[in-house]
file query.csv (CSV, C-alpha atoms and all ligand atoms)
chain,number,residue,atom,x,y,z
A,1,MET,CA,101.6,-5.0,3.3
A,2,SER,CA,101.9,-1.2,3.2
A,3,HIS,CA,99.6,0.8,1.0
A,4,GLU,CA,102.4,1.9,-1.3
A,5,THR,CA,102.8,-1.6,-2.7
A,6,GLN,CA,99.1,-2.6,-2.7
A,7,PRO,CA,96.9,-2.3,-5.8
A,8,VAL,CA,94.2,0.4,-5.6
A,9,LEU,CA,90.5,-0.6,-5.1
A,10,PHE,CA,87.7,2.0,-5.6
A,11,SER,CA,84.0,1.6,-5.1
A,12,GLY,CA,81.0,3.7,-4.2
A,13,ILE,CA,77.3,3.7,-3.5
A,14,GLN,CA,74.8,6.5,-4.3
A,15,PRO,CA,73.1,7.9,-1.2
A,16,SER,CA,69.7,7.9,-2.9
A,17,GLY,CA,67.8,5.7,-0.5
A,18,HIS,CA,68.3,3.0,2.2
A,19,LEU,CA,71.2,0.6,2.0
A,20,THR,CA,69.7,-2.8,1.4
A,21,ILE,CA,70.7,-6.4,1.5
A,22,GLY,CA,71.3,-6.1,-2.2
A,23,HIS,CA,74.1,-3.7,-1.6
A,24,TYR,CA,75.4,-5.9,1.1
A,25,ALA,CA,75.4,-9.0,-1.2
A,26,GLY,CA,76.7,-7.3,-4.3
A,27,ALA,CA,79.2,-4.8,-2.9
A,28,LEU,CA,79.6,-4.1,0.8
A,29,ARG,CA,80.6,-7.6,2.0
A,30,ASN,CA,83.3,-7.8,-0.7
A,31,TRP,CA,84.6,-4.4,0.3
A,32,VAL,CA,85.1,-5.7,3.8
A,33,ARG,CA,86.6,-8.9,2.5
A,34,LEU,CA,89.1,-7.2,0.2
A,35,GLN,CA,90.0,-4.1,2.3
A,36,HIS,CA,93.2,-5.4,3.7
A,37,GLU,CA,94.6,-6.8,0.4
A,38,TYR,CA,94.1,-3.5,-1.5
A,39,ASP,CA,94.7,0.2,-1.0
A,40,CYS,CA,91.0,1.1,-0.8
A,41,LEU,CA,88.9,4.2,-1.5
A,42,PHE,CA,85.2,3.9,-0.5
A,43,CYS,CA,83.2,6.8,-1.8
A,44,ILE,CA,79.7,8.0,-1.0
A,45,VAL,CA,78.8,9.2,-4.6
A,46,ASP,CA,76.5,12.1,-3.7
A,47,LEU,CA,76.9,13.8,-7.1
A,48,HIS,CA,75.5,10.6,-8.7
A,49,ALA,CA,72.5,10.7,-6.4
A,50,ILE,CA,71.3,14.1,-7.7
A,51,THR,CA,70.7,12.6,-11.1
A,52,VAL,CA,67.3,11.9,-9.5
A,53,ARG,CA,66.0,14.9,-7.4
A,54,GLN,CA,66.9,14.6,-3.7
A,55,ASP,CA,65.1,16.3,-0.9
A,56,PRO,CA,67.7,18.9,0.3
A,57,ALA,CA,66.5,18.7,3.9
A,58,THR,CA,67.3,15.0,4.3
A,59,PHE,CA,70.1,14.5,1.8
A,60,ALA,CA,73.0,15.6,4.0
A,61,GLU,CA,71.8,13.5,6.8
A,62,ARG,CA,71.6,10.4,4.6
A,63,CYS,CA,75.2,11.0,3.4
A,64,LEU,CA,76.4,11.1,7.0
A,65,SER,CA,74.4,8.0,7.8
A,66,PHE,CA,76.0,6.2,4.8
A,67,ALA,CA,79.5,7.0,6.3
A,68,ALA,CA,78.4,5.4,9.6
A,69,GLN,CA,77.0,2.4,7.7
A,70,TYR,CA,80.2,1.9,5.8
A,71,ILE,CA,82.1,1.7,9.1
A,72,ALA,CA,79.4,-0.3,10.9
A,73,VAL,CA,79.4,-3.0,8.2
A,74,GLY,CA,83.1,-3.5,8.8
A,75,ILE,CA,85.2,-1.0,6.8
A,76,ASP,CA,88.2,0.0,8.9
A,77,PRO,CA,88.4,3.8,8.6
A,78,GLN,CA,92.0,3.8,9.6
A,79,ALA,CA,93.0,1.5,6.8
A,80,SER,CA,90.7,2.8,4.0
A,81,THR,CA,89.8,6.2,2.7
A,82,ILE,CA,86.1,7.0,3.2
A,83,PHE,CA,84.9,10.2,1.6
A,84,LEU,CA,82.1,12.1,-0.2
A,85,GLN,CA,82.5,12.6,-3.9
A,86,SER,CA,81.3,16.2,-3.8
A,87,HIS,CA,84.2,17.1,-1.4
A,88,VAL,CA,86.8,16.2,-4.0
A,89,PRO,CA,86.4,18.6,-7.0
A,90,ALA,CA,88.9,16.5,-9.1
A,91,HIS,CA,85.9,14.1,-9.8
A,92,THR,CA,83.8,16.7,-11.6
A,93,GLU,CA,86.9,18.2,-13.3
A,94,LEU,CA,88.0,14.9,-14.8
A,95,THR,CA,84.4,14.2,-15.8
A,96,TRP,CA,84.6,17.2,-18.2
A,97,LEU,CA,87.8,16.0,-19.8
A,98,LEU,CA,86.3,12.5,-20.2
A,99,ASN,CA,83.0,13.9,-21.5
A,100,CYS,CA,84.9,15.3,-24.5
A,101,ASN,CA,86.2,11.8,-25.2
A,102,ALA,CA,82.9,9.9,-24.7
A,103,TYR,CA,80.2,9.4,-27.4
A,104,VAL,CA,76.5,10.0,-27.3
A,105,GLY,CA,76.1,6.6,-29.0
A,106,GLU,CA,77.9,4.6,-26.3
A,107,LEU,CA,76.0,6.4,-23.5
A,108,SER,CA,72.7,5.9,-25.2
A,109,ARG,CA,73.3,2.2,-25.1
A,110,MET,CA,73.5,2.0,-21.3
A,111,THR,CA,70.7,-0.3,-20.2
A,112,GLN,CA,70.4,1.5,-16.8
A,113,PHE,CA,69.9,4.8,-18.7
A,114,LYS,CA,67.3,3.2,-20.9
A,115,ALA,CA,65.5,1.6,-18.0
A,116,LYS,CA,65.4,4.8,-16.0
A,117,THR,CA,64.1,6.9,-18.9
A,118,GLN,CA,61.6,4.4,-20.2
A,119,GLY,CA,58.3,6.1,-21.0
A,120,LYS,CA,59.8,9.6,-20.5
A,121,THR,CA,60.2,12.3,-23.1
A,122,ASP,CA,63.4,14.1,-23.9
A,123,LYS,CA,62.0,17.2,-22.2
A,124,THR,CA,62.0,15.5,-18.8
A,125,ILE,CA,65.2,13.4,-19.0
A,126,GLY,CA,68.0,15.2,-17.1
A,127,VAL,CA,71.4,15.5,-18.8
A,128,GLY,CA,73.0,14.3,-15.6
A,129,LEU,CA,71.3,10.9,-15.9
A,130,PHE,CA,72.7,10.5,-19.4
A,131,ASP,CA,76.2,11.6,-18.4
A,132,TYR,CA,76.2,9.6,-15.1
A,133,PRO,CA,78.5,6.8,-16.4
A,134,VAL,CA,81.2,9.3,-17.4
A,135,LEU,CA,81.2,10.6,-13.8
A,136,MET,CA,81.6,7.0,-12.6
A,137,ALA,CA,84.5,6.6,-15.1
A,138,ALA,CA,86.2,9.7,-13.6
A,139,ASP,CA,85.7,8.3,-10.0
A,140,ILE,CA,87.5,5.2,-11.0
A,141,LEU,CA,90.2,6.5,-13.3
A,142,LEU,CA,91.4,9.3,-11.1
A,143,TYR,CA,93.0,6.9,-8.6
A,144,GLN,CA,94.7,4.5,-11.1
A,145,THR,CA,92.3,1.9,-9.8
A,146,GLN,CA,92.9,-1.7,-10.5
A,147,LEU,CA,89.9,-3.4,-8.9
A,148,VAL,CA,86.2,-2.2,-8.7
A,149,PRO,CA,84.0,-4.5,-6.6
A,150,VAL,CA,80.4,-4.0,-7.8
A,151,GLY,CA,77.2,-5.9,-8.4
A,152,ALA,CA,76.2,-7.2,-11.9
A,153,ASP,CA,74.2,-4.1,-12.7
A,154,GLN,CA,77.4,-2.1,-12.9
A,155,LYS,CA,79.2,-4.3,-15.4
A,156,GLN,CA,78.2,-2.2,-18.5
A,157,HIS,CA,79.3,1.0,-16.8
A,158,LEU,CA,82.6,-0.6,-15.9
A,159,GLU,CA,83.1,-1.7,-19.5
A,160,LEU,CA,82.5,1.9,-20.6
A,161,THR,CA,85.1,3.1,-18.1
A,162,ARG,CA,87.6,0.6,-19.6
A,163,ASP,CA,86.8,1.8,-23.1
A,164,ILE,CA,87.3,5.5,-22.2
A,165,ALA,CA,90.5,4.7,-20.4
A,166,ILE,CA,91.9,2.7,-23.4
A,167,ARG,CA,90.8,5.5,-25.8
A,168,MET,CA,92.4,8.2,-23.8
A,169,ASN,CA,95.6,6.2,-23.4
A,170,HIS,CA,95.7,5.7,-27.1
A,171,HIS,CA,95.2,9.4,-27.9
A,172,TYR,CA,97.3,11.0,-25.2
A,173,GLY,CA,99.8,8.3,-24.1
A,174,PRO,CA,99.4,6.2,-21.0
A,175,LEU,CA,97.3,8.1,-18.5
A,176,PHE,CA,95.0,5.6,-16.8
A,177,THR,CA,95.2,2.1,-15.4
A,178,VAL,CA,92.5,0.0,-17.1
A,179,PRO,CA,90.4,-1.3,-14.2
A,180,GLU,CA,89.0,-4.8,-13.7
A,181,GLY,CA,85.6,-5.5,-12.1
A,182,PHE,CA,85.1,-7.8,-9.2
A,183,PHE,CA,81.7,-9.5,-9.2
A,184,PRO,CA,80.7,-11.9,-6.5
A,185,GLU,CA,79.8,-15.5,-7.5
A,186,VAL,CA,76.7,-15.4,-5.3
A,187,GLY,CA,74.6,-12.4,-4.8
A,188,ALA,CA,75.8,-10.2,-7.7
A,189,ARG,CA,72.1,-9.5,-8.5
A,190,ILE,CA,69.6,-9.7,-5.7
A,191,MET,CA,66.0,-9.4,-6.9
A,192,SER,CA,63.0,-7.6,-5.5
A,193,LEU,CA,61.2,-9.7,-2.9
A,194,GLN,CA,57.8,-9.0,-4.3
A,195,ASP,CA,58.8,-9.0,-8.0
A,196,PRO,CA,61.7,-11.3,-8.5
A,197,ALA,CA,61.9,-10.3,-12.2
A,198,ASN,CA,63.3,-7.0,-11.2
A,199,LYS,CA,66.4,-5.9,-9.2
A,200,MET,CA,66.1,-5.1,-5.5
A,201,SER,CA,66.4,-1.3,-5.5
A,202,LYS,CA,67.0,1.1,-2.6
A,203,SER,CA,64.8,3.8,-4.1
A,204,ASP,CA,61.8,1.4,-4.6
A,205,PRO,CA,58.6,3.2,-3.5
A,206,ASN,CA,57.3,-0.2,-2.2
A,207,ALA,CA,59.4,-0.9,0.9
A,208,ASN,CA,58.3,-4.6,0.9
A,209,ASN,CA,60.5,-5.1,-2.2
A,210,TYR,CA,63.7,-4.7,-0.2
A,211,VAL,CA,65.2,-5.4,3.2
A,212,ALA,CA,67.1,-2.3,4.4
A,213,LEU,CA,70.2,-2.9,6.5
A,214,LEU,CA,68.6,-0.7,9.2
A,215,ASP,CA,65.1,-2.3,9.2
A,216,SER,CA,64.0,-3.6,12.6
A,217,PRO,CA,64.2,-7.4,13.1
A,218,GLU,CA,60.4,-7.6,13.0
A,219,THR,CA,60.2,-5.7,9.7
A,220,MET,CA,62.9,-8.0,8.3
A,221,ARG,CA,61.1,-11.1,9.3
A,222,LYS,CA,57.8,-9.8,7.9
A,223,LYS,CA,59.3,-8.8,4.6
A,224,ILE,CA,61.1,-12.2,4.1
A,225,ARG,CA,57.9,-14.0,5.1
A,226,ARG,CA,55.9,-12.1,2.5
A,227,ALA,CA,58.5,-12.6,-0.3
A,228,VAL,CA,56.9,-14.0,-3.5
A,229,THR,CA,57.9,-17.6,-4.2
A,230,ASP,CA,55.8,-20.3,-5.9
A,231,ALA,CA,53.5,-23.3,-5.2
A,232,THR,CA,56.0,-26.0,-6.2
A,233,PRO,CA,56.6,-28.3,-3.2
A,234,GLY,CA,60.1,-28.6,-1.8
A,235,ILE,CA,63.1,-26.4,-2.4
A,236,THR,CA,65.2,-26.5,-5.6
A,237,TYR,CA,67.7,-24.0,-7.1
A,238,GLU,CA,66.3,-23.1,-10.5
A,239,PRO,CA,66.8,-19.4,-11.2
A,240,ASP,CA,64.8,-19.4,-14.4
A,241,ALA,CA,61.9,-21.7,-13.4
A,242,ARG,CA,61.7,-20.6,-9.7
A,243,PRO,CA,63.1,-17.0,-9.5
A,244,GLY,CA,61.6,-16.2,-6.1
A,245,VAL,CA,63.0,-19.2,-4.4
A,246,ALA,CA,66.4,-18.8,-6.1
A,247,ASN,CA,66.5,-15.2,-4.9
A,248,LEU,CA,66.0,-16.3,-1.3
A,249,LEU,CA,68.7,-18.9,-1.7
A,250,ASN,CA,71.1,-16.3,-3.2
A,251,ILE,CA,70.5,-14.0,-0.3
A,252,TYR,CA,71.0,-16.8,2.1
A,253,GLY,CA,74.3,-17.8,0.4
A,254,ALA,CA,75.5,-14.2,0.4
A,255,PHE,CA,75.1,-14.0,4.1
A,256,THR,CA,76.6,-17.4,5.0
A,257,GLY,CA,79.1,-18.1,2.3
A,258,GLU,CA,77.3,-21.3,1.3
A,259,SER,CA,76.4,-22.1,-2.3
A,260,PRO,CA,72.7,-21.7,-3.2
A,261,ALA,CA,72.7,-25.2,-4.8
A,262,ALA,CA,74.0,-26.8,-1.6
A,263,LEU,CA,71.4,-24.8,0.4
A,264,ALA,CA,68.7,-26.1,-1.9
A,265,GLU,CA,69.8,-29.6,-1.2
A,266,ARG,CA,69.7,-29.0,2.6
A,267,TYR,CA,66.1,-27.6,2.3
A,268,ALA,CA,65.0,-30.0,-0.5
A,269,ASP,CA,62.4,-31.7,1.7
A,270,LYS,CA,61.3,-28.6,3.5
A,271,GLY,CA,59.0,-25.9,2.4
A,272,ASN,CA,59.1,-22.2,1.6
A,273,ALA,CA,58.1,-21.4,5.1
A,274,ALA,CA,61.0,-23.1,6.7
A,275,LEU,CA,63.5,-21.6,4.3
A,276,LYS,CA,62.0,-18.1,4.9
A,277,HIS,CA,62.1,-18.6,8.6
A,278,ASP,CA,65.7,-19.6,8.7
A,279,LEU,CA,66.8,-17.0,6.2
A,280,ALA,CA,65.1,-14.2,8.2
A,281,GLU,CA,67.0,-15.4,11.3
A,282,VAL,CA,70.3,-15.5,9.4
A,283,ILE,CA,69.8,-11.9,8.3
A,284,VAL,CA,68.6,-10.6,11.7
A,285,GLU,CA,71.5,-12.2,13.5
A,286,ALA,CA,74.1,-11.0,11.0
A,287,LEU,CA,72.9,-7.4,11.0
A,288,GLN,CA,72.3,-7.1,14.8
A,289,PRO,CA,76.0,-6.1,15.6
A,290,PHE,CA,76.0,-3.8,12.5
A,291,GLN,CA,72.9,-2.0,13.8
A,292,GLN,CA,74.4,-1.6,17.2
A,293,ARG,CA,77.6,-0.2,15.8
A,294,TYR,CA,75.7,2.1,13.5
A,295,HIS,CA,73.6,3.6,16.3
A,296,ASP,CA,76.8,4.2,18.4
A,297,LEU,CA,78.5,5.9,15.5
A,298,MET,CA,75.6,8.2,14.9
A,299,THR,CA,75.8,9.6,18.4
A,300,ASN,CA,79.3,10.9,17.5
A,301,ARG,CA,78.6,13.0,14.5
A,302,ASP,CA,81.7,15.2,14.9
A,303,TYR,CA,83.8,12.1,14.5
A,304,LEU,CA,82.0,11.2,11.2
A,305,VAL,CA,82.3,14.8,9.9
A,306,ALA,CA,86.0,14.9,10.7
A,307,LEU,CA,86.6,11.5,9.1
A,308,LEU,CA,84.9,12.5,5.9
A,309,ARG,CA,86.9,15.8,5.8
A,310,GLN,CA,90.1,13.9,6.3
A,311,GLY,CA,89.2,11.3,3.7
A,312,ALA,CA,88.4,14.0,1.2
A,313,GLN,CA,91.7,15.8,1.7
A,314,SER,CA,93.6,12.5,1.3
A,315,ALA,CA,91.6,11.6,-1.8
A,316,GLN,CA,92.1,15.0,-3.4
A,317,GLN,CA,95.8,14.8,-2.9
A,318,ARG,CA,95.9,11.3,-4.5
A,319,ALA,CA,93.7,12.4,-7.4
A,320,LEU,CA,95.7,15.5,-8.4
A,321,PRO,CA,98.6,13.9,-10.2
A,322,THR,CA,96.3,12.1,-12.6
A,323,LEU,CA,94.1,15.1,-13.1
A,324,ARG,CA,97.1,17.3,-13.8
A,325,ALA,CA,98.7,14.8,-16.1
A,326,THR,CA,95.5,14.6,-18.1
A,327,TYR,CA,95.3,18.4,-18.5
A,328,GLU,CA,98.9,18.5,-19.5
A,329,ARG,CA,98.7,15.7,-22.1
A,330,MET,CA,95.6,17.3,-23.6
A,331,GLY,CA,97.7,20.4,-24.1
A,332,PHE,CA,96.4,22.8,-21.5
A,333,LEU,CA,98.7,25.6,-20.4
A,334,PRO,CA,99.6,24.7,-16.8
A,335,ALA,CA,97.9,26.9,-14.2
A,401,LIG,P1,74.3,1.8,-6.7
A,401,LIG,O1,74.4,2.9,-5.7
A,401,LIG,O2,73.1,1.6,-7.4
A,401,LIG,O3,74.7,0.5,-5.9
A,401,LIG,C1,75.9,0.3,-5.1
A,401,LIG,C2,76.5,-1.1,-5.3
A,401,LIG,O4,75.6,-2.1,-4.9
A,401,LIG,C3,75.3,-3.0,-5.9
A,401,LIG,N1,73.9,-3.3,-5.9
A,401,LIG,C4,73.5,-4.6,-5.9
A,401,LIG,N2,74.1,-5.8,-6.0
A,401,LIG,C5,73.4,-6.9,-6.0
A,401,LIG,N3,72.0,-6.9,-6.0
A,401,LIG,C6,71.3,-5.7,-6.0
A,401,LIG,N4,70.0,-5.7,-6.0
A,401,LIG,C7,72.0,-4.5,-6.0
A,401,LIG,N5,71.7,-3.2,-5.9
A,401,LIG,C8,72.8,-2.5,-5.9
A,401,LIG,C9,75.7,-2.2,-7.2
A,401,LIG,O5,76.1,-3.1,-8.2
A,401,LIG,C10,76.9,-1.4,-6.7
A,401,LIG,O6,78.1,-2.1,-6.7
A,401,LIG,N6,77.0,3.8,-10.4
A,401,LIG,C11,77.1,3.1,-9.1
A,401,LIG,C12,77.8,3.9,-8.1
A,401,LIG,C13,79.2,4.3,-8.4
A,401,LIG,C14,80.3,3.5,-8.5
A,401,LIG,C15,81.4,4.4,-8.9
A,401,LIG,C16,80.6,2.2,-8.2
A,401,LIG,C17,79.5,5.6,-8.8
A,401,LIG,N7,80.8,5.6,-9.1
A,401,LIG,C18,82.7,3.9,-9.0
A,401,LIG,C19,81.9,1.7,-8.4
A,401,LIG,C20,82.9,2.6,-8.8
A,401,LIG,C21,75.7,2.8,-8.6
A,401,LIG,O7,74.8,3.5,-9.0
A,401,LIG,O8,75.6,1.9,-7.7
call {"tool": "encode", "arguments": {"input": "query.csv", "output": "structure tokens"}}
result
Amino acid sequence: MSHETQPVLFSGIQPSGHLTIGHYAGALRNWVRLQHEYDCLFCIVDLHAITVRQDPATFAERCLSFAAQYIAVGIDPQASTIFLQSHVPAHTELTWLLNCNAYVGELSRMTQFKAKTQGKTDKTIGVGLFDYPVLMAADILLYQTQLVPVGADQKQHLELTRDIAIRMNHHYGPLFTVPEGFFPEVGARIMSLQDPANKMSKSDPNANNYVALLDSPETMRKKIRRAVTDATPGITYEPDARPGVANLLNIYGAFTGESPAALAERYADKGNAALKHDLAEVIVEALQPFQQRYHDLMTNRDYLVALLRQGAQSAQQRALPTLRATYERMGFLPA
């Protein structure tokens, strides 16, 4: 199918830390799976990343590394558009237009905003962190996106995007496609290895909480071996009663395509150690070719830089009609 007749898919990840098996389970593997059925834009959302202060000396390098990781994980750069958010000014422009149609009340209700600002005073909470979901809405709405493959933690942000789209369409006439989310059945929410009550996060100060896609095989094995489980004998899939074990089964299922319940049956008479051993091997084996491709790509930085430049040009061209239509419908004098 040519791109002209395919529905548009948009997704992105913040370059604010290491890519982890959580990103793989919740997002990346579905990007790979869906890339040939949709006209895809995969963005490195660097403007989102600065809602938390980034070290300028390492930030650009991480952005380049993300581009290499997107390709290494299996995104075909010939078929999909890979680009940096900051290279396409239409994203920040549309954000302003949407800001004036979004409400403080709805942004205040975002659980991610509440979690990230817990215990902080208004004097130390950045406006960018508050406004973050509106920038995400602009990312999605600029391209008349129909499908947004993300993990469960982005569900509320996607709902807000839909609300803003519906509101704008109501006030100004049809402007935006109202997007749908795509959430994986298994692995939509991978939890921290040391604290399975909390989400696995790339910016976690304790590196034992996550497995990074670029961790060495030995580090991966060690982290999985140390993952918190429980003392109940045998393996069962009971996310509420046994969150640590359920998390390992979810990770396993995300990597192999098996259902966590079926895996639990297979391991029913075995212990945590056997499950951890096999899971670590599954991860190491799956990521070995990824790491090889990544390191090859990083030796060709000119290629990556050129690809990102090309991606940004194409994305800006595609974004302009929607941006211009929005200005026009809101009554701005054409430039
Ligand atoms: P971010 O950068 O936190 O995460 C990127 C993607 O990975 C998923 N994810 C997880 N899935 C399962 N388990 C986990 N532990 C886990 N951690 C992360 C996220 O759900 C997400 O799909 N606001 C977004 C980035 C963004 C975006 C967009 C996404 C900006 N604009 C437009 C889609 C469309 C974010 O912070 O994701």
call {"tool": "residues_near_ligand", "arguments": {"input": "query.csv", "ligand": "ligand LIG 401 (chain A)", "cutoff": "6 Å", "atoms": "all atoms listed in the file", "output": "ChimeraX atom specification"}}
result
/A:10-14,22-23,25-27,45,136,139-140,148,150-154,187-191,199-201
call {"tool": "closest_residue", "arguments": {"input": "query.csv", "among": "A:Leu84, A:Ala72, A:Leu248, A:Ala273", "to": "Ala49 (chain A)", "atoms": "only C-alpha atoms"}}
result
A:Leu84
call {"tool": "residues_around", "arguments": {"input": "query.csv", "residues": "Ala306 (chain A)", "least_positions_apart": "5", "cutoff": "12 Å", "atoms": "all atoms listed in the file", "output": "CSV table (one decimal) with C-alpha atoms, in the coordinates of the input"}}
result
chain,number,residue,atom,x,y,z
A,64,LEU,CA,76.4,11.1,7.0
A,67,ALA,CA,79.5,7.0,6.3
A,77,PRO,CA,88.4,3.8,8.6
A,82,ILE,CA,86.1,7.0,3.2
A,83,PHE,CA,84.9,10.2,1.6
A,84,LEU,CA,82.1,12.1,-0.2
A,300,ASN,CA,79.3,10.9,17.5
A,301,ARG,CA,78.6,13.0,14.5
A,311,GLY,CA,89.2,11.3,3.7
A,312,ALA,CA,88.4,14.0,1.2
A,313,GLN,CA,91.7,15.8,1.7
call {"tool": "atom_distance", "arguments": {"input": "query.csv", "atom1": "CA of Glu238 (chain A)", "atom2": "CA of Gly253 (chain A)"}}
result
14.5 Å
call {"tool": "residues_near_point", "arguments": {"input": "query.csv", "point": "(74.2, -1.0, -15.2)", "cutoff": "10 Å", "atoms": "only C-alpha atoms", "output": "list in words"}}
result
Met110, Thr111, Gln112, Phe113, Lys114, Ala115, Pro133, Gly151, Ala152, Asp153, Gln154, Lys155, Gln156, His157, Leu158 and Glu159 of chain A
call {"tool": "closest_residue", "arguments": {"input": "query.csv", "among": "A:His36, A:Arg62, A:Lys276, A:Lys223", "to": "Leu249 (chain A)", "atoms": "all atoms listed in the file"}}
result
A:Lys276
call {"tool": "closest_residue", "arguments": {"input": "query.csv", "among": "A:Ile125, A:Ala197, A:Ala274, A:Ala68", "to": "Pro239 (chain A)", "atoms": "all atoms listed in the file"}}
result
A:Ala197
call {"tool": "closest_residue", "arguments": {"input": "query.csv", "among": "A:Leu213, A:Ala60, A:Leu28, A:Leu98", "to": "Gly74 (chain A)", "atoms": "all atoms listed in the file"}}
result
A:Leu28
call {"tool": "residues_around", "arguments": {"input": "query.csv", "residues": "region 89-93 of chain A", "least_positions_apart": "2", "cutoff": "12 Å", "atoms": "all atoms listed in the file", "output": "VMD selection string"}}
result
chain A and resid 43 45 to 48 84 to 87 95 to 100 128 131 to 132 134 to 143 312 to 313 315 to 324 326 to 327
call {"tool": "closest_residue", "arguments": {"input": "query.csv", "among": "A:Phe130, A:Phe332, A:Tyr103, A:Phe183", "to": "Asp163 (chain A)", "atoms": "only C-alpha atoms"}}
result
A:Tyr103
call {"tool": "residues_around", "arguments": {"input": "query.csv", "residues": "Val211 (chain A)", "least_positions_apart": "3", "cutoff": "10 Å", "atoms": "all atoms listed in the file", "output": "PyMOL selection string"}}
result
chain A and resi 18-22+192-193+200-202+207-208+214-216+219-224+283
call {"tool": "closest_residue", "arguments": {"input": "query.csv", "among": "A:Gln292, A:Asn247, A:Thr117, A:Thr236", "to": "Glu265 (chain A)", "atoms": "only C-alpha atoms"}}
result
A:Thr236
call {"tool": "atom_distance", "arguments": {"input": "query.csv", "atom1": "CA of Phe66 (chain A)", "atom2": "CA of Pro15 (chain A)"}}
result
6.9 Å
call {"tool": "residues_around", "arguments": {"input": "query.csv", "residues": "Glu4 (chain A)", "least_positions_apart": "2", "cutoff": "12 Å", "atoms": "all atoms listed in the file", "output": "PyMOL selection string"}}
result
chain A and resi 1-2+6-8+37-40+318
call {"tool": "atom_distance", "arguments": {"input": "query.csv", "atom1": "CA of Ala254 (chain A)", "atom2": "CA of Val32 (chain A)"}}
result
13.3 Å
call {"tool": "residues_around", "arguments": {"input": "query.csv", "residues": "region 170-179 of chain A", "least_positions_apart": "5", "cutoff": "7 Å", "atoms": "only C-alpha atoms", "output": "list of chain:residue names"}}
result
A:Leu141, A:Gln144, A:Thr145, A:Gln146, A:Leu147, A:Val148, A:Arg162, A:Ala165, A:Thr326, A:Arg329, A:Met330
